[in-house]
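K.L.:
This is final.txt (compact mmCIF, C-alpha atoms).
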# COMPACT_ATOMS: atom_id res chain seq x y z
CA MET A 1 -91.27 17.61 -36.04
CA ASN A 2 -91.92 16.90 -39.72
CA ILE A 3 -91.06 18.20 -43.17
CA LYS A 4 -94.27 20.22 -43.55
CA GLN A 5 -93.54 22.08 -40.32
CA LEU A 6 -90.07 22.99 -41.62
CA GLU A 7 -91.60 24.18 -44.89
CA VAL A 8 -94.01 26.39 -42.89
CA LEU A 9 -91.07 27.87 -40.99
CA ARG A 10 -89.17 28.62 -44.21
CA THR A 11 -92.21 30.14 -45.95
CA LEU A 12 -93.25 32.14 -42.89
CA LEU A 13 -89.79 33.69 -42.63
CA ALA A 14 -89.98 34.61 -46.32
CA THR A 15 -93.52 36.07 -46.28
CA GLY A 16 -93.81 37.38 -42.71
CA SER A 17 -97.47 36.42 -42.26
CA THR A 18 -99.58 33.34 -41.71
CA ILE A 19 -102.07 34.54 -44.37
CA ALA A 20 -99.39 34.75 -47.09
CA THR A 21 -97.88 31.46 -45.94
CA ALA A 22 -101.26 29.72 -46.10
CA LYS A 23 -101.86 31.06 -49.62
CA ALA A 24 -98.39 30.05 -50.83
CA MET A 25 -98.65 26.52 -49.41
CA GLY A 26 -102.32 25.85 -50.12
CA PHE A 27 -103.23 25.55 -46.44
CA SER A 28 -105.75 27.33 -44.23
CA GLN A 29 -104.44 30.10 -41.98
CA SER A 30 -105.46 28.09 -38.93
CA GLY A 31 -103.59 25.07 -40.32
CA VAL A 32 -100.42 27.14 -40.64
CA SER A 33 -100.83 28.41 -37.08
CA ARG A 34 -101.31 24.88 -35.74
CA MET A 35 -98.19 23.58 -37.50
CA LEU A 36 -96.14 26.50 -36.21
CA GLN A 37 -97.37 25.93 -32.66
CA GLN A 38 -96.59 22.22 -32.92
CA LEU A 39 -93.08 22.96 -34.18
CA GLU A 40 -92.45 25.32 -31.29
CA SER A 41 -93.77 22.67 -28.90
CA ASP A 42 -91.59 19.94 -30.43
CA LEU A 43 -88.50 22.16 -30.21
CA ALA A 44 -89.49 23.62 -26.82
CA ILE A 45 -88.53 27.07 -28.07
CA THR A 46 -90.33 30.23 -29.21
CA LEU A 47 -89.81 30.96 -32.87
CA PHE A 48 -92.08 33.98 -33.39
CA VAL A 49 -93.55 36.72 -31.21
CA ARG A 50 -96.52 38.91 -32.09
CA ASP A 51 -96.23 42.69 -32.16
CA LYS A 52 -99.35 44.65 -33.13
CA GLY A 53 -100.65 41.76 -35.22
CA ARG A 54 -97.31 41.09 -36.91
CA LEU A 55 -95.16 37.98 -36.48
CA ILE A 56 -91.54 38.74 -35.65
CA ALA A 57 -88.96 35.95 -35.84
CA THR A 58 -86.83 35.41 -32.74
CA PRO A 59 -83.04 35.15 -33.05
CA GLU A 60 -83.43 31.46 -32.28
CA ALA A 61 -85.78 31.09 -35.28
CA MET A 62 -83.14 32.60 -37.58
CA VAL A 63 -80.52 30.12 -36.34
CA LEU A 64 -82.82 27.12 -36.66
CA ALA A 65 -84.04 28.30 -40.06
CA ARG A 66 -80.58 27.55 -41.51
CA ASP A 67 -80.84 23.97 -40.23
CA ALA A 68 -84.37 23.72 -41.62
CA GLU A 69 -83.16 24.93 -45.03
CA ASN A 70 -80.39 22.32 -45.09
CA VAL A 71 -82.86 19.57 -44.22
CA LEU A 72 -85.31 20.70 -46.90
CA LEU A 73 -82.58 20.93 -49.53
CA ALA A 74 -81.50 17.38 -48.68
CA VAL A 75 -85.11 16.16 -48.99
CA GLU A 76 -85.48 17.92 -52.34
CA ARG A 77 -82.23 16.37 -53.58
CA MET A 78 -83.45 12.94 -52.47
CA SER A 79 -86.82 13.42 -54.20
CA GLY A 80 -85.08 14.54 -57.37
CA HIS A 81 -82.72 11.57 -57.29
CA ALA A 82 -85.65 9.21 -56.79
CA GLU A 83 -87.39 10.73 -59.81
CA ASP A 84 -84.22 10.30 -61.88
CA LEU A 85 -84.06 6.65 -60.83
CA ARG A 86 -87.69 6.11 -61.80
CA ASN A 87 -87.28 7.86 -65.13
CA GLY A 88 -83.93 6.34 -66.03
CA ALA A 89 -81.88 9.55 -65.92
CA ALA A 90 -79.82 7.98 -63.12
CA GLY A 91 -79.34 4.53 -61.71
CA PRO A 92 -76.71 1.97 -60.80
CA ASP A 93 -73.42 2.54 -62.59
CA VAL A 94 -73.99 -0.63 -64.59
CA VAL A 95 -76.65 -3.29 -65.18
CA ARG A 96 -75.30 -6.69 -66.25
CA ILE A 97 -77.20 -9.32 -68.23
CA GLY A 98 -76.21 -12.77 -69.47
CA LEU A 99 -77.52 -14.05 -72.80
CA PRO A 100 -76.86 -17.12 -74.97
CA SER A 101 -74.27 -16.49 -77.68
CA SER A 102 -76.89 -16.89 -80.40
CA MET A 103 -78.68 -13.74 -79.26
CA TRP A 104 -75.89 -11.23 -79.89
CA GLU A 105 -76.51 -10.49 -83.55
CA ASN A 106 -80.09 -9.22 -83.73
CA PHE A 107 -81.94 -9.93 -80.50
CA ALA A 108 -79.69 -8.05 -78.06
CA PRO A 109 -79.38 -4.83 -80.11
CA ALA A 110 -83.15 -4.73 -80.69
CA MET A 111 -83.73 -5.27 -76.96
CA LEU A 112 -81.40 -2.43 -76.00
CA ILE A 113 -82.43 0.32 -78.43
CA ASP A 114 -85.38 1.65 -76.43
CA TYR A 115 -83.81 0.74 -73.09
CA ALA A 116 -80.66 2.79 -73.77
CA ARG A 117 -82.83 5.78 -74.66
CA ASP A 118 -85.05 5.44 -71.59
CA PHE A 119 -82.15 4.84 -69.18
CA PRO A 120 -79.39 7.18 -70.42
CA GLY A 121 -77.62 7.18 -67.05
CA VAL A 122 -77.13 3.41 -66.97
CA ARG A 123 -74.22 1.53 -68.51
CA ILE A 124 -75.15 -1.94 -69.83
CA GLU A 125 -72.77 -4.88 -69.78
CA THR A 126 -73.71 -7.98 -71.79
CA PHE A 127 -72.25 -11.44 -71.22
CA PHE A 128 -72.74 -13.99 -74.01
CA GLU A 129 -72.28 -17.42 -72.49
CA THR A 130 -73.62 -20.97 -72.25
CA THR A 131 -76.51 -21.88 -69.96
CA ILE A 132 -74.08 -23.41 -67.45
CA ALA A 133 -71.92 -20.29 -67.41
CA ILE A 134 -74.92 -17.94 -67.08
CA ASN A 135 -76.21 -20.03 -64.18
CA LYS A 136 -72.89 -19.62 -62.42
CA LEU A 137 -72.66 -15.89 -63.12
CA VAL A 138 -76.12 -15.33 -61.63
CA GLU A 139 -75.39 -17.49 -58.60
CA GLU A 140 -72.14 -15.63 -57.94
CA ARG A 141 -73.97 -12.31 -58.51
CA VAL A 142 -71.58 -11.24 -61.23
CA ILE A 143 -74.63 -10.39 -63.37
CA ASP A 144 -78.04 -9.05 -62.37
CA LEU A 145 -80.05 -11.38 -64.58
CA GLY A 146 -79.56 -14.04 -67.21
CA PHE A 147 -81.61 -15.67 -69.95
CA LEU A 148 -81.03 -19.41 -70.19
CA ARG A 149 -82.45 -22.76 -71.18
CA MET A 150 -84.19 -24.40 -68.23
CA GLU A 151 -82.52 -27.79 -67.95
CA GLY A 152 -81.33 -29.83 -64.99
CA GLU A 153 -80.93 -28.51 -61.48
CA THR A 154 -80.17 -24.91 -60.59
CA GLY A 155 -78.32 -23.72 -57.53
CA PRO A 156 -80.25 -22.77 -54.37
CA GLY A 157 -79.22 -19.15 -54.83
CA ILE A 158 -81.13 -18.73 -58.10
CA GLU A 159 -84.74 -17.89 -58.97
CA ILE A 160 -85.90 -18.61 -62.53
CA GLU A 161 -89.04 -17.26 -64.19
CA LYS A 162 -90.14 -19.11 -67.31
CA VAL A 163 -90.42 -16.54 -70.12
CA ALA A 164 -90.32 -18.54 -73.38
CA SER A 165 -90.67 -22.00 -74.87
CA GLY A 166 -89.90 -23.78 -78.12
CA GLU A 167 -90.01 -27.11 -79.88
CA SER A 168 -87.39 -28.90 -81.92
CA VAL A 169 -87.40 -27.96 -85.60
CA CYS A 170 -85.30 -28.83 -88.61
CA VAL A 171 -83.83 -25.74 -90.28
CA ILE A 172 -83.46 -26.24 -94.03
CA PRO A 173 -82.29 -24.13 -96.99
CA LYS A 174 -85.32 -22.64 -98.77
CA ASP A 175 -84.65 -24.48 -102.02
CA HIS A 176 -83.88 -27.87 -100.42
CA PRO A 177 -86.19 -30.83 -101.31
CA LEU A 178 -86.92 -31.34 -97.57
CA ALA A 179 -88.57 -27.92 -97.51
CA GLU A 180 -91.52 -29.50 -99.34
CA LEU A 181 -92.36 -31.68 -96.32
CA ASP A 182 -94.73 -30.63 -93.51
CA GLU A 183 -92.51 -32.26 -90.89
CA ILE A 184 -89.13 -33.91 -90.79
CA THR A 185 -88.44 -37.33 -89.26
CA VAL A 186 -85.12 -38.94 -88.44
CA LYS A 187 -85.51 -41.24 -91.45
CA ASN A 188 -85.92 -38.20 -93.72
CA LEU A 189 -82.37 -37.22 -92.73
CA ARG A 190 -80.67 -40.38 -93.92
CA ASN A 191 -77.62 -39.36 -96.02
CA ILE A 192 -78.37 -35.65 -95.44
CA PRO A 193 -75.41 -33.50 -94.32
CA LEU A 194 -76.07 -32.40 -90.73
CA ILE A 195 -74.92 -29.34 -88.79
CA LEU A 196 -75.14 -30.29 -85.12
CA ILE A 197 -74.54 -28.37 -81.92
CA GLY A 198 -74.19 -29.08 -78.22
CA ARG A 199 -72.03 -32.19 -78.29
CA GLN A 200 -72.14 -33.97 -74.89
CA ARG A 201 -75.09 -31.77 -73.83
CA PRO A 202 -78.39 -33.46 -72.74
CA ASN A 203 -80.37 -32.27 -75.79
CA ARG A 204 -77.69 -33.43 -78.22
CA MET A 205 -77.43 -36.79 -76.50
CA ALA A 206 -81.22 -37.25 -76.79
CA LEU A 207 -81.00 -36.40 -80.50
CA ASP A 208 -78.19 -38.88 -81.06
CA GLN A 209 -80.25 -41.57 -79.33
CA ALA A 210 -83.23 -40.82 -81.61
CA PHE A 211 -81.05 -41.51 -84.66
CA THR A 212 -79.76 -44.72 -83.09
CA ARG A 213 -83.28 -45.96 -82.31
CA ALA A 214 -84.38 -45.24 -85.88
CA GLY A 215 -81.34 -47.10 -87.26
CA VAL A 216 -80.14 -44.01 -89.13
CA LYS A 217 -76.44 -43.16 -89.17
CA GLN A 218 -75.80 -39.44 -88.78
CA MET A 219 -73.93 -37.78 -91.62
CA VAL A 220 -72.38 -34.95 -89.60
CA LYS A 221 -70.85 -32.30 -91.83
CA VAL A 222 -70.24 -29.55 -89.25
CA GLU A 223 -70.03 -29.53 -85.46
CA THR A 224 -70.65 -26.08 -84.04
CA HIS A 225 -71.50 -24.48 -80.72
CA THR A 226 -74.07 -21.75 -81.39
CA ASN A 227 -77.52 -21.74 -82.90
CA SER A 228 -76.64 -18.64 -84.90
CA SER A 229 -73.68 -20.29 -86.62
CA ALA A 230 -75.76 -23.39 -87.32
CA CYS A 231 -78.45 -21.32 -89.06
CA SER A 232 -75.83 -19.40 -91.00
CA TYR A 233 -74.22 -22.64 -92.21
CA VAL A 234 -77.65 -23.88 -93.31
CA ALA A 235 -78.23 -20.62 -95.20
CA HIS A 236 -74.96 -21.21 -97.06
CA GLY A 237 -76.01 -24.69 -98.11
CA LEU A 238 -73.70 -26.70 -95.87
CA GLY A 239 -76.50 -28.93 -94.56
CA VAL A 240 -79.51 -28.88 -92.23
CA THR A 241 -79.66 -28.44 -88.48
CA ILE A 242 -82.02 -29.34 -85.63
CA ILE A 243 -82.52 -26.64 -83.02
CA SER A 244 -85.24 -25.10 -80.86
CA SER A 245 -87.87 -23.08 -82.71
CA PHE A 246 -87.12 -20.28 -80.24
CA TYR A 247 -83.69 -19.77 -81.81
CA ALA A 248 -84.84 -20.62 -85.34
CA ASN A 249 -87.29 -17.72 -85.10
CA LEU A 250 -84.39 -15.33 -84.47
CA TYR A 251 -82.91 -16.15 -87.88
CA ARG A 252 -85.94 -16.01 -90.15
CA HIS A 253 -84.21 -13.22 -92.09
CA LEU A 254 -81.88 -15.88 -93.56
CA PRO A 255 -82.87 -17.86 -96.69
CA VAL A 256 -84.02 -20.83 -94.61
CA VAL A 257 -87.27 -22.46 -93.50
CA HIS A 258 -87.97 -24.65 -90.50
CA ARG A 259 -90.25 -27.63 -90.11
CA PRO A 260 -91.34 -29.55 -86.98
CA PHE A 261 -88.90 -32.34 -86.16
CA VAL A 262 -90.10 -35.81 -85.13
CA PRO A 263 -89.67 -37.19 -82.49
CA ARG A 264 -91.08 -34.01 -80.96
CA SER A 265 -89.46 -32.39 -77.96
CA THR A 266 -89.97 -29.08 -76.22
CA GLN A 267 -87.70 -26.61 -74.50
CA ALA A 268 -88.31 -24.04 -71.78
CA PHE A 269 -86.35 -20.83 -71.31
CA GLY A 270 -86.19 -18.69 -68.21
CA LEU A 271 -84.94 -15.44 -66.77
CA ALA A 272 -82.70 -16.06 -63.77
CA LYS A 273 -81.73 -13.75 -60.93
CA ALA A 274 -80.24 -14.14 -57.47
CA ALA A 275 -82.80 -15.59 -55.05
CA GLY A 276 -84.19 -13.18 -52.48
CA VAL A 277 -82.48 -10.16 -54.03
CA PRO A 278 -84.81 -7.55 -55.59
CA LEU A 279 -83.74 -6.08 -58.92
CA SER A 280 -83.00 -2.38 -59.15
CA ILE A 281 -85.46 -0.27 -61.13
CA ALA A 282 -82.96 -0.21 -64.01
CA ALA A 283 -82.40 -3.98 -63.93
CA GLN A 284 -86.15 -4.65 -63.75
CA ALA A 285 -86.67 -2.40 -66.76
CA LEU A 286 -84.04 -4.40 -68.66
CA SER A 287 -85.85 -7.60 -67.67
CA ASP A 288 -89.08 -6.12 -69.05
CA ALA A 289 -87.30 -5.06 -72.25
CA LEU A 290 -86.04 -8.62 -72.73
CA LYS A 291 -89.55 -10.05 -72.30
CA ARG A 292 -90.96 -7.58 -74.83
CA GLN A 293 -88.29 -8.52 -77.35
CA ILE A 294 -88.99 -12.22 -76.80
CA LEU A 295 -92.64 -11.63 -77.74
CA LEU A 296 -91.63 -9.68 -80.85
CA SER A 297 -89.03 -12.23 -81.93
CA GLN A 298 -91.46 -15.13 -81.63
CA LYS A 299 -94.38 -13.37 -83.28
CA ASP A 300 -95.77 -15.35 -86.22
CA GLY A 301 -93.09 -17.92 -85.47
Can you present the structure in this file as structure tokens?

P.N.:
Amino acid sequence: MNIKQLEVLRTLLATGSTIATAKAMGFSQSGVSRMLQQLESDLAITLFVRDKGRLIATPEAMVLARDAENVLLAVERMSGHAEDLRNGAAGPDVVRIGLPSSMWENFAPAMLIDYARDFPGVRIETFFETTIAINKLVEERVIDLGFLRMEGETGPGIEIEKVASGESVCVIPKDHPLAELDEITVKNLRNIPLILIGRQRPNRMALDQAFTRAGVKQMVKVETHTNSSACSYVAHGLGVTIISSFYANLYRHLPVVHRPFVPRSTQAFGLAKAAGVPLSIAAQALSDALKRQILLSQKDG
């Protein structure tokens, strides 16, 4: 017994003839007859009898027709729900994503504008955290996916897809004398007020060592903990900062410029999710939206 056979039964009861049923369903009359015979064989019961060329439904057919209608309604509901899931009209109650704190101001809203329109039935929850915290949230399956800097070891329960990269740059006020240089070295930063982030983090420790090797004492004016605040401080003339070009590109609307920093170093960024767990359609669409926004944010960067 299959769905098509049940549809034949429903249509045959409504039309009263195999010819009308075949026309309504786009089948041949012989095809309708075969499906009806197969249904009767599968159920081991007679559903119709012929009287002077007419098909007359048996009482048993009328009883079973109600069951057939319930099955077909359930299938139609399931098909409709699947379409809603594909088109974004329905989905999981919430999709959760983790992002670095520096992406809240412009990147996240731009990423979500089209997504919120395309997936009106989905509630989005954003977590703005450090790489370490995002790693943990993904591993514990608190969030569906997280964007983070790829550094050090990740837990066995995490899969990371590399989606962006950057190189260290010096972010400088537009009217600063350093803006005239093509690249900035450690020695260029002697006696220059610095805005530094990530104290005790691997990248900051490597930067500190570069200053030590060059024999240049850092003149730290501001210690901060987000790339966004560092760029904002630079824009207000508090000093210069050294960050990844990935983040510097997110703040090109500020009155700042950035120049390659020597010694050169690169950074990789990835999209993490729980290992072995497929994303829902809605979560995958959010992943795709993030990748599109990455491309736009880094364009001409």

K.L.:
Quick one: of A:Val63, A:Ala44, A:Val234, A:Val95, who's nearest to Leu13 of chain A, counting all atoms listed in the file?

P.N.:
A:Val63

K.L.:
Out of A:Lys136, A:Thr18, A:Ala282, A:Phe119, which residue has the shortest atom-to-atom distance to Phe48 of chain A when counting all atoms listed in the file?

P.N.:
A:Thr18

K.L.:
Rank A:Val163, A:Leu72, A:Ala108, A:Val186 by their smallest atom-to-atom distance to Arg10 of chain A, using all atoms listed in the file, and report the top residue only.

P.N.:
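Once distances to Arg10 of chain A are computed over all atoms listed in the file, the minimum belongs to A:Leu72.
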
K.L.:
May I ask for the distance between atom CA of Ser102 of chain A and atom CA of Gly276 of chain A, given in Å to one decimal place?

P.N.:
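According to the coordinates, atom CA of Ser102 of chain A and atom CA of Gly276 of chain A are separated by 29.1 Å.
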
K.L.:
Quote the spacing between atom CA of Gly157 of chain A and atom CA of Ala268 of chain A in Å to one decimal place.

P.N.:
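The value is 19.8 Å.
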
K.L.:
Which polymer residues have any atom within 12 Å of an atom of segment 27-30 of chain A, counting all atoms listed in the file, with same-chain residues fewer than 6 positions away left out, as a PyMOL selection string?

P.N.:
chain A and resi 4-5+7-8+11-12+17-21+36-37

K.L.:
Taking into account only C-alpha atoms, which residue in the set A:Pro263, A:Pro173, A:Gly270, A:Pro156 is nearest to Pro193 of chain A?

P.N.:
A:Pro173

K.L.:
Suppose you want the space between atom CA of Thr224 of chain A and atom CA of Glu183 of chain A; what is it in Å?

P.N.:
23.7 Å

K.L.:
Can I get the residues of segment 74-166 of chain A within 12 Å of segment 201-220 of chain A, each with the closest pair of atoms and their distance in Å to one decimal, using all atoms listed in the file, sorted chain first then ascending number, as a Markdown table?

P.N.:
| residue | atom | partner | partner_atom | distance |
| --- | --- | --- | --- | --- |
| A:Thr130 | CA | A:Arg201 | CA | 11.0 |
| A:Thr131 | CA | A:Arg201 | CA | 10.7 |
| A:Ile132 | CA | A:Arg201 | CA | 10.6 |
| A:Arg149 | CA | A:Asn203 | CA | 10.8 |
| A:Met150 | CA | A:Asn203 | CA | 11.6 |
| A:Glu151 | CA | A:Pro202 | CA | 8.5 |
| A:Gly152 | CA | A:Pro202 | CA | 9.0 |

K.L.:
Would you please work out which residue, of A:Leu194, A:Val94, A:Leu178, A:Ile243, is nearest to Pro120 of chain A when using all atoms listed in the file?

P.N.:
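For Pro120 of chain A, the nearest of the given residues is A:Val94.
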
K.L.:
Name all residues at most 10 Å from His258 of chain A (count all atoms listed in the file; drop same-chain ones fewer than 4 positions away) and give them as a ChimeraX atom specification.

P.N.:
/A:168-174,178-179,182-184,240-243,245,248-249,252,301

K.L.:
Pick from A:Val138, A:Ala14, A:Leu6, A:Leu73: nearest to Leu39 of chain A, with only C-alpha atoms counted?

P.N.:
A:Leu6
